[in-house]
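Colleague: Structure: entry-v7.cif, mmCIF, C-alpha atoms; chains and numbers go by the auth columns.
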```cif
data_model
#
loop_
_atom_site.group_PDB
_atom_site.id
_atom_site.type_symbol
_atom_site.label_atom_id
_atom_site.label_comp_id
_atom_site.label_asym_id
_atom_site.label_seq_id
_atom_site.Cartn_x
_atom_site.Cartn_y
_atom_site.Cartn_z
_atom_site.B_iso_or_equiv
_atom_site.auth_seq_id
_atom_site.auth_asym_id
ATOM 1 C CA MET A 1 36.000 5.375 -24.567 0.00 1 E
ATOM 2 C CA GLY A 2 35.708 1.778 -25.717 0.00 2 E
ATOM 3 C CA MET A 3 38.347 -0.889 -26.145 0.00 3 E
ATOM 4 C CA GLU A 4 38.922 -4.597 -26.330 0.00 4 E
ATOM 5 C CA LEU A 5 41.067 -6.352 -23.740 0.00 5 E
ATOM 6 C CA VAL A 6 42.249 -9.875 -24.505 0.00 6 E
ATOM 7 C CA HIS A 7 43.524 -12.210 -21.804 0.00 7 E
ATOM 8 C CA SER A 8 44.387 -15.895 -21.744 0.00 8 E
ATOM 9 C CA PHE A 9 45.449 -17.955 -18.788 0.00 9 E
ATOM 10 C CA THR A 10 45.689 -21.583 -17.772 0.00 10 E
ATOM 11 C CA VAL A 11 44.640 -23.270 -14.567 0.00 11 E
ATOM 12 C CA SER A 12 45.507 -26.715 -13.321 0.00 12 E
ATOM 13 C CA ALA A 13 41.925 -27.995 -12.950 0.00 13 E
ATOM 14 C CA ASP A 14 40.094 -29.771 -15.774 0.00 14 E
ATOM 15 C CA PRO A 15 37.526 -27.897 -17.920 0.00 15 E
ATOM 16 C CA PRO A 16 34.378 -29.165 -16.130 0.00 16 E
ATOM 17 C CA ARG A 17 35.644 -28.061 -12.693 0.00 17 E
ATOM 18 C CA THR A 18 36.969 -24.768 -14.050 0.00 18 E
ATOM 19 C CA TRP A 19 33.656 -24.134 -15.802 0.00 19 E
ATOM 20 C CA ALA A 20 31.685 -24.884 -12.629 0.00 20 E
ATOM 21 C CA LEU A 21 33.703 -22.274 -10.757 0.00 21 E
ATOM 22 C CA LEU A 22 33.658 -19.651 -13.532 0.00 22 E
ATOM 23 C CA THR A 23 29.869 -19.899 -13.877 0.00 23 E
ATOM 24 C CA ASP A 24 29.298 -19.627 -10.111 0.00 24 E
ATOM 25 C CA LEU A 25 28.767 -15.879 -10.114 0.00 25 E
ATOM 26 C CA GLU A 26 29.110 -15.484 -6.361 0.00 26 E
ATOM 27 C CA GLN A 27 32.473 -17.289 -6.302 0.00 27 E
ATOM 28 C CA VAL A 28 33.764 -15.459 -9.357 0.00 28 E
ATOM 29 C CA GLY A 29 32.644 -12.100 -8.020 0.00 29 E
ATOM 30 C CA GLY A 30 34.331 -12.883 -4.725 0.00 30 E
ATOM 31 C CA CYS A 31 37.570 -13.559 -6.599 0.00 31 E
ATOM 32 C CA PHE A 32 37.574 -10.287 -8.465 0.00 32 E
ATOM 33 C CA PRO A 33 39.912 -7.825 -6.707 0.00 33 E
ATOM 34 C CA GLY A 34 38.027 -5.055 -4.940 0.00 34 E
ATOM 35 C CA ALA A 35 34.620 -6.610 -5.605 0.00 35 E
ATOM 36 C CA THR A 36 31.829 -7.318 -3.154 0.00 36 E
ATOM 37 C CA VAL A 37 28.926 -9.428 -4.342 0.00 37 E
ATOM 38 C CA THR A 38 25.723 -8.406 -2.564 0.00 38 E
ATOM 39 C CA SER A 39 23.406 -10.836 -4.322 0.00 39 E
ATOM 40 C CA ALA A 40 23.781 -13.593 -6.875 0.00 40 E
ATOM 41 C CA ASP A 41 21.811 -16.415 -8.408 0.00 41 E
ATOM 42 C CA GLU A 42 22.435 -18.680 -11.388 0.00 42 E
ATOM 43 C CA GLU A 43 21.628 -15.987 -13.941 0.00 43 E
ATOM 44 C CA LYS A 44 22.747 -12.649 -12.528 0.00 44 E
ATOM 45 C CA PHE A 45 24.588 -10.853 -9.775 0.00 45 E
ATOM 46 C CA GLU A 46 24.774 -7.462 -8.105 0.00 46 E
ATOM 47 C CA GLY A 47 27.510 -5.801 -6.138 0.00 47 E
ATOM 48 C CA GLU A 48 30.195 -3.185 -6.214 0.00 48 E
ATOM 49 C CA VAL A 49 33.805 -3.017 -7.253 0.00 49 E
ATOM 50 C CA LYS A 50 36.554 -0.602 -6.278 0.00 50 E
ATOM 51 C CA VAL A 51 39.189 0.023 -8.933 0.00 51 E
ATOM 52 C CA LYS A 52 42.244 2.260 -8.777 0.00 52 E
ATOM 53 C CA LEU A 53 42.880 4.018 -12.084 0.00 53 E
ATOM 54 C CA GLY A 54 46.009 6.123 -11.979 0.00 54 E
ATOM 55 C CA PRO A 55 45.576 8.571 -9.097 0.00 55 E
ATOM 56 C CA ILE A 56 41.838 8.055 -8.613 0.00 56 E
ATOM 57 C CA ALA A 57 39.889 5.276 -6.983 0.00 57 E
ATOM 58 C CA VAL A 58 36.491 4.588 -8.502 0.00 58 E
ATOM 59 C CA THR A 59 33.716 2.588 -6.898 0.00 59 E
ATOM 60 C CA TYR A 60 31.215 1.165 -9.355 0.00 60 E
ATOM 61 C CA GLN A 61 27.870 -0.156 -8.209 0.00 61 E
ATOM 62 C CA GLY A 62 26.896 -2.722 -10.700 0.00 62 E
ATOM 63 C CA LYS A 63 25.129 -5.773 -11.863 0.00 63 E
ATOM 64 C CA GLY A 64 25.798 -8.447 -14.396 0.00 64 E
ATOM 65 C CA ARG A 65 24.130 -11.331 -16.098 0.00 65 E
ATOM 66 C CA PHE A 66 24.718 -14.165 -18.534 0.00 66 E
ATOM 67 C CA LEU A 67 23.812 -13.226 -22.094 0.00 67 E
ATOM 68 C CA GLU A 68 24.916 -16.633 -23.370 0.00 68 E
ATOM 69 C CA ARG A 69 25.853 -19.785 -21.540 0.00 69 E
ATOM 70 C CA ASP A 70 26.622 -23.102 -23.163 0.00 70 E
ATOM 71 C CA ASP A 71 27.661 -25.698 -20.602 0.00 71 E
ATOM 72 C CA GLY A 72 28.427 -28.224 -23.340 0.00 72 E
ATOM 73 C CA SER A 73 30.967 -26.159 -25.249 0.00 73 E
ATOM 74 C CA HIS A 74 32.146 -24.166 -22.199 0.00 74 E
ATOM 75 C CA HIS A 75 31.302 -20.826 -23.801 0.00 75 E
ATOM 76 C CA ALA A 76 29.704 -17.870 -22.041 0.00 76 E
ATOM 77 C CA LYS A 77 29.051 -14.214 -22.553 0.00 77 E
ATOM 78 C CA ILE A 78 28.580 -12.055 -19.455 0.00 78 E
ATOM 79 C CA GLU A 79 27.432 -8.457 -19.448 0.00 79 E
ATOM 80 C CA GLY A 80 28.396 -6.171 -16.592 0.00 80 E
ATOM 81 C CA LEU A 81 27.069 -2.665 -16.020 0.00 81 E
ATOM 82 C CA GLY A 82 28.576 -0.343 -13.438 0.00 82 E
ATOM 83 C CA ARG A 83 27.538 3.087 -12.238 0.00 83 E
ATOM 84 C CA GLY A 84 30.361 5.149 -10.812 0.00 84 E
ATOM 85 C CA LEU A 85 29.616 6.655 -7.419 0.00 85 E
ATOM 86 C CA ARG A 86 30.110 10.403 -6.936 0.00 86 E
ATOM 87 C CA GLY A 87 29.358 11.089 -10.600 0.00 87 E
ATOM 88 C CA LEU A 88 32.470 9.310 -11.904 0.00 88 E
ATOM 89 C CA GLY A 89 30.797 8.001 -15.043 0.00 89 E
ATOM 90 C CA ASN A 90 29.705 4.530 -16.004 0.00 90 E
ATOM 91 C CA ALA A 91 31.381 1.327 -17.132 0.00 91 E
ATOM 92 C CA THR A 92 30.032 -1.429 -19.329 0.00 92 E
ATOM 93 C CA ALA A 93 31.878 -4.685 -19.847 0.00 93 E
ATOM 94 C CA LEU A 94 30.965 -7.515 -22.171 0.00 94 E
ATOM 95 C CA ALA A 95 33.120 -10.544 -21.431 0.00 95 E
ATOM 96 C CA THR A 96 33.253 -13.587 -23.702 0.00 96 E
ATOM 97 C CA ILE A 97 34.723 -16.672 -22.023 0.00 97 E
ATOM 98 C CA ASP A 98 35.851 -19.851 -23.761 0.00 98 E
ATOM 99 C CA LEU A 99 37.469 -22.884 -22.143 0.00 99 E
ATOM 100 C CA ALA A 100 39.598 -25.548 -23.814 0.00 100 E
ATOM 101 C CA PRO A 101 41.553 -28.514 -22.438 0.00 101 E
ATOM 102 C CA HIS A 102 45.249 -27.728 -22.104 0.00 102 E
ATOM 103 C CA GLU A 103 47.826 -30.341 -21.061 0.00 103 E
ATOM 104 C CA SER A 104 46.665 -31.421 -17.586 0.00 104 E
ATOM 105 C CA GLY A 105 44.428 -28.390 -17.058 0.00 105 E
ATOM 106 C CA THR A 106 42.353 -25.786 -18.827 0.00 106 E
ATOM 107 C CA LYS A 107 43.097 -22.795 -21.034 0.00 107 E
ATOM 108 C CA VAL A 108 40.725 -19.907 -20.476 0.00 108 E
ATOM 109 C CA ASP A 109 40.331 -17.181 -23.108 0.00 109 E
ATOM 110 C CA VAL A 110 38.582 -13.994 -22.049 0.00 110 E
ATOM 111 C CA VAL A 111 37.816 -11.154 -24.449 0.00 111 E
ATOM 112 C CA THR A 112 36.365 -8.080 -22.775 0.00 112 E
ATOM 113 C CA ASP A 113 34.751 -5.193 -24.595 0.00 113 E
ATOM 114 C CA LEU A 114 35.064 -2.364 -22.121 0.00 114 E
ATOM 115 C CA SER A 115 33.355 0.976 -22.412 0.00 115 E
ATOM 116 C CA ILE A 116 33.984 3.730 -19.871 0.00 116 E
ATOM 117 C CA THR A 117 32.565 7.234 -19.572 0.00 117 E
ATOM 118 C CA GLY A 118 33.411 10.197 -17.389 0.00 118 E
ATOM 119 C CA LYS A 119 36.677 11.061 -15.683 0.00 119 E
ATOM 120 C CA PRO A 120 38.218 7.548 -15.715 0.00 120 E
ATOM 121 C CA ALA A 121 38.019 7.550 -19.537 0.00 121 E
ATOM 122 C CA GLN A 122 40.834 10.122 -19.690 0.00 122 E
ATOM 123 C CA PHE A 123 43.476 7.568 -18.681 0.00 123 E
ATOM 124 C CA GLY A 124 43.469 5.875 -22.040 0.00 124 E
ATOM 125 C CA ARG A 125 44.253 2.421 -23.244 0.00 125 E
ATOM 126 C CA GLY A 126 47.703 1.944 -21.712 0.00 126 E
ATOM 127 C CA VAL A 127 46.512 2.500 -18.153 0.00 127 E
ATOM 128 C CA MET A 128 43.398 0.373 -18.673 0.00 128 E
ATOM 129 C CA GLN A 129 45.439 -2.500 -20.089 0.00 129 E
ATOM 130 C CA SER A 130 47.974 -2.455 -17.260 0.00 130 E
ATOM 131 C CA VAL A 131 45.271 -2.154 -14.585 0.00 131 E
ATOM 132 C CA SER A 132 43.281 -5.002 -16.133 0.00 132 E
ATOM 133 C CA ASP A 133 46.409 -7.181 -16.451 0.00 133 E
ATOM 134 C CA LYS A 134 47.184 -6.654 -12.765 0.00 134 E
ATOM 135 C CA LEU A 135 43.592 -7.334 -11.704 0.00 135 E
ATOM 136 C CA LEU A 136 43.485 -10.437 -13.865 0.00 136 E
ATOM 137 C CA GLY A 137 46.677 -11.730 -12.263 0.00 137 E
ATOM 138 C CA GLN A 138 45.091 -11.436 -8.812 0.00 138 E
ATOM 139 C CA PHE A 139 41.842 -12.933 -10.099 0.00 139 E
ATOM 140 C CA VAL A 140 43.608 -15.981 -11.578 0.00 140 E
ATOM 141 C CA ALA A 141 45.585 -16.542 -8.363 0.00 141 E
ATOM 142 C CA CYS A 142 42.307 -16.526 -6.438 0.00 142 E
ATOM 143 C CA LEU A 143 40.666 -18.953 -8.892 0.00 143 E
ATOM 144 C CA GLU A 144 43.661 -21.276 -8.614 0.00 144 E
ATOM 145 C CA SER A 145 43.480 -21.314 -4.820 0.00 145 E
ATOM 146 C CA ARG A 146 39.734 -22.047 -4.894 0.00 146 E
ATOM 147 C CA LEU A 147 40.212 -24.829 -7.420 0.00 147 E
ATOM 148 C CA ALA A 148 42.962 -26.304 -5.252 0.00 148 E
ATOM 149 C CA GLU A 149 40.732 -26.273 -2.130 0.00 149 E
ATOM 150 C CA GLU A 150 37.900 -28.280 -3.638 0.00 150 E
ATOM 151 C CA PRO A 151 38.100 -32.038 -3.384 0.00 151 E
ATOM 152 C CA GLY A 152 39.297 -33.339 -6.744 0.00 152 E
#
```
Do you think you could lay out the structure here as structure tokens?
Modeller:
Amino acid sequence: MGMELVHSFTVSADPPRTWALLTDLEQVGGCFPGATVTSADEEKFEGEVKVKLGPIAVTYQGKGRFLERDDGSHHAKIEGLGRGLRGLGNATALATIDLAPHESGTKVDVVTDLSITGKPAQFGRGVMQSVSDKLLGQFVACLESRLAEEPG
């Protein structure tokens, strides 16, 4: 099952600071709900993420990397590949991130092409959208708190 999830959010930090955080894979991974980053460098990361889909909890062991990264225009494309433990299928996510100045902060647009196989695929688009919206809400709250901590 494949689908496109579109999310936009704003944060109060300016684009350069927001970009610095969003391209720090260890920090970003640490902000994603249920994720543990086991290794990260400037290009790629590895780790696992636990996601609850309807009645089942799936743990994906995965890795990701930048396919595109343009620090000047604040545009990136990140590919993530996850292998479900206990034979629960695989997940592939291709996330395109674009930043733009917005009032006193930054607008972040994220388009994710998500492809899921195995048992979790049976839940369909509605469940995936609501789960991803909830996860994104937690993710944005975490980003905001990290951006607020750093000296401005």
Colleague: Can you translate the PyMOL selection byres ((chain E and resi 36-47) around 9) into the concrete residues it hits in this file, as JSON, numbers by chain?
Modeller: {"E": [23, 24, 25, 26, 27, 29, 30, 32, 33, 34, 35, 48, 49, 50, 60, 61, 62, 63, 64, 65, 66, 67]}
Colleague: Which protein, DNA or RNA residues are at most 10 Å from (40.3, -19.0, -9.6) in the file's coordinates when you count only C-alpha atoms, listed as a PDB file with C-alpha atoms, keeping the file's coordinate frame?
Modeller:
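So the final result, stored in out20.pdb, reads:
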```
ATOM      1  CA  VAL E  11      44.640 -23.270 -14.567  1.00  0.00           C
ATOM      2  CA  ALA E  13      41.925 -27.995 -12.950  1.00  0.00           C
ATOM      3  CA  THR E  18      36.969 -24.768 -14.050  1.00  0.00           C
ATOM      4  CA  LEU E  21      33.703 -22.274 -10.757  1.00  0.00           C
ATOM      5  CA  LEU E  22      33.658 -19.651 -13.532  1.00  0.00           C
ATOM      6  CA  GLN E  27      32.473 -17.289  -6.302  1.00  0.00           C
ATOM      7  CA  VAL E  28      33.764 -15.459  -9.357  1.00  0.00           C
ATOM      8  CA  GLY E  30      34.331 -12.883  -4.725  1.00  0.00           C
ATOM      9  CA  CYS E  31      37.570 -13.559  -6.599  1.00  0.00           C
ATOM     10  CA  PHE E  32      37.574 -10.287  -8.465  1.00  0.00           C
ATOM     11  CA  GLN E 138      45.091 -11.436  -8.812  1.00  0.00           C
ATOM     12  CA  PHE E 139      41.842 -12.933 -10.099  1.00  0.00           C
ATOM     13  CA  VAL E 140      43.608 -15.981 -11.578  1.00  0.00           C
ATOM     14  CA  ALA E 141      45.585 -16.542  -8.363  1.00  0.00           C
ATOM     15  CA  CYS E 142      42.307 -16.526  -6.438  1.00  0.00           C
ATOM     16  CA  LEU E 143      40.666 -18.953  -8.892  1.00  0.00           C
ATOM     17  CA  GLU E 144      43.661 -21.276  -8.614  1.00  0.00           C
ATOM     18  CA  SER E 145      43.480 -21.314  -4.820  1.00  0.00           C
ATOM     19  CA  ARG E 146      39.734 -22.047  -4.894  1.00  0.00           C
ATOM     20  CA  LEU E 147      40.212 -24.829  -7.420  1.00  0.00           C
ATOM     21  CA  ALA E 148      42.962 -26.304  -5.252  1.00  0.00           C
TER      22      ALA E 148
END
```
Colleague: Counting only C-alpha atoms, which residue out of E:His102, E:Gly54, E:Met3, E:Val110 sits closest to Val131 (chain E)?
Modeller: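 Using only C-alpha atoms, Val131 (chain E) sits closest to E:Gly54.
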Colleague: Go through E:Gly80, E:Gly137, E:Pro16, E:Gly118 one by one, measure the shortest atom-to-atom distance of each to Thr106 (chain E) using only C-alpha atoms, and give the residue with the smallest value.
Modeller: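 With only C-alpha atoms as the atom set, the closest residue is E:Pro16.
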Colleague: So, with only C-alpha atoms as the atoms that count, which of E:Ile78, E:Val108, E:Ala100, E:Ile116 lies closest to Leu53 (chain E)?
Modeller: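 Checking each candidate against Leu53 (chain E), we get E:Ile116 as the closest.
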Colleague: Give the answer as one residue: which of E:Val58, E:Asp98, E:Lys52, E:Asp70 has the shortest atom-to-atom distance to Gly84 (chain E), using all atoms listed in the file?
Modeller: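 Between E:Val58, E:Asp98, E:Lys52, E:Asp70, the residue approaching Gly84 (chain E) most closely is E:Val58.
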Colleague: Quick one: which residues end up in the PyMOL selection byres ((chain E and resi 83) around 9) for this structure, as a PyMOL selection string?
Modeller: chain E and resi 59-62+81-82+84-85+87-92
Colleague: Expand the PyMOL selection byres ((chain E and resi 114) around 7) into the individual residues it matches in the shown file, reporting them as a list in words.
Modeller: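 Answer for the PyMOL selection byres ((chain E and resi 114) around 7): Gly2, Met3, Glu4, Thr92, Ala93, Leu94, Thr112, Asp113, Ser115 and Ile116 of chain E.
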Colleague: Between CA of Ser104 (chain E) and CA of Lys134 (chain E), what is the spacing in Å?
Modeller: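 Rounded to one decimal, the two atoms are 25.2 Å apart.
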Colleague: Enter the distance from CA of Trp19 (chain E) to CA of Asp71 (chain E), in Å, rounded to one decimal.
Modeller: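 Answer for the CA of Trp19 (chain E) to CA of Asp71 (chain E) separation: 7.8 Å.
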Colleague: By how many Å are CA of Glu149 (chain E) and CA of His75 (chain E) apart?
Modeller: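 A separation of 24.3 Å between them.
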Colleague: Smallest atom-to-atom distance to Val111 (chain E): which of E:Arg69, E:His7, E:Arg17, E:Arg125, using all atoms listed in the file?
Modeller: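 Between E:Arg69, E:His7, E:Arg17, E:Arg125, the residue approaching Val111 (chain E) most closely is E:His7.
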Colleague: For region 89-104 of chain E, where the input has fewer atoms than it should, I would like N, CA, C and O atoms rebuilt and written as a compact mmCIF listing (two decimals), in the frame of the given file.
Modeller:
```txt
# COMPACT_ATOMS: atom_id res chain seq x y z
N GLY E 89 31.04 8.67 -13.77
CA GLY E 89 30.80 8.00 -15.04
C GLY E 89 30.37 6.56 -14.88
O GLY E 89 30.22 6.05 -13.77
N ASN E 90 30.18 5.90 -16.00
CA ASN E 90 29.70 4.53 -16.00
C ASN E 90 30.68 3.61 -16.73
O ASN E 90 31.50 4.07 -17.51
N ALA E 91 30.56 2.32 -16.45
CA ALA E 91 31.38 1.33 -17.13
C ALA E 91 30.48 0.19 -17.60
O ALA E 91 29.57 -0.22 -16.87
N THR E 92 30.74 -0.27 -18.80
CA THR E 92 30.03 -1.43 -19.33
C THR E 92 31.09 -2.42 -19.81
O THR E 92 32.02 -2.03 -20.51
N ALA E 93 30.94 -3.66 -19.40
CA ALA E 93 31.88 -4.68 -19.85
C ALA E 93 31.09 -5.86 -20.42
O ALA E 93 30.10 -6.29 -19.84
N LEU E 94 31.55 -6.34 -21.56
CA LEU E 94 30.96 -7.52 -22.17
C LEU E 94 32.10 -8.53 -22.27
O LEU E 94 33.04 -8.32 -23.04
N ALA E 95 32.03 -9.57 -21.48
CA ALA E 95 33.12 -10.54 -21.43
C ALA E 95 32.69 -11.85 -22.09
O ALA E 95 31.64 -12.41 -21.76
N THR E 96 33.50 -12.31 -23.05
CA THR E 96 33.25 -13.59 -23.70
C THR E 96 34.30 -14.57 -23.19
O THR E 96 35.50 -14.28 -23.24
N ILE E 97 33.84 -15.70 -22.67
CA ILE E 97 34.72 -16.67 -22.02
C ILE E 97 34.64 -17.99 -22.78
O ILE E 97 33.54 -18.48 -23.04
N ASP E 98 35.80 -18.54 -23.11
CA ASP E 98 35.85 -19.85 -23.76
C ASP E 98 36.91 -20.70 -23.08
O ASP E 98 38.02 -20.24 -22.83
N LEU E 99 36.55 -21.95 -22.79
CA LEU E 99 37.47 -22.88 -22.14
C LEU E 99 37.88 -23.98 -23.12
O LEU E 99 37.06 -24.41 -23.95
N ALA E 100 39.13 -24.43 -23.01
CA ALA E 100 39.60 -25.55 -23.81
C ALA E 100 40.57 -26.37 -22.97
O ALA E 100 41.30 -25.81 -22.14
N PRO E 101 40.58 -27.69 -23.16
CA PRO E 101 41.55 -28.51 -22.44
C PRO E 101 42.97 -28.09 -22.82
O PRO E 101 43.22 -27.73 -23.97
N HIS E 102 43.86 -28.12 -21.84
CA HIS E 102 45.25 -27.73 -22.10
C HIS E 102 46.15 -28.57 -21.21
O HIS E 102 46.10 -28.45 -19.99
N GLU E 103 46.96 -29.43 -21.82
CA GLU E 103 47.83 -30.34 -21.06
C GLU E 103 47.03 -30.98 -19.93
O GLU E 103 46.02 -31.61 -20.17
N SER E 104 47.42 -30.76 -18.66
CA SER E 104 46.66 -31.42 -17.59
C SER E 104 45.59 -30.51 -17.01
O SER E 104 44.94 -30.85 -16.03
```
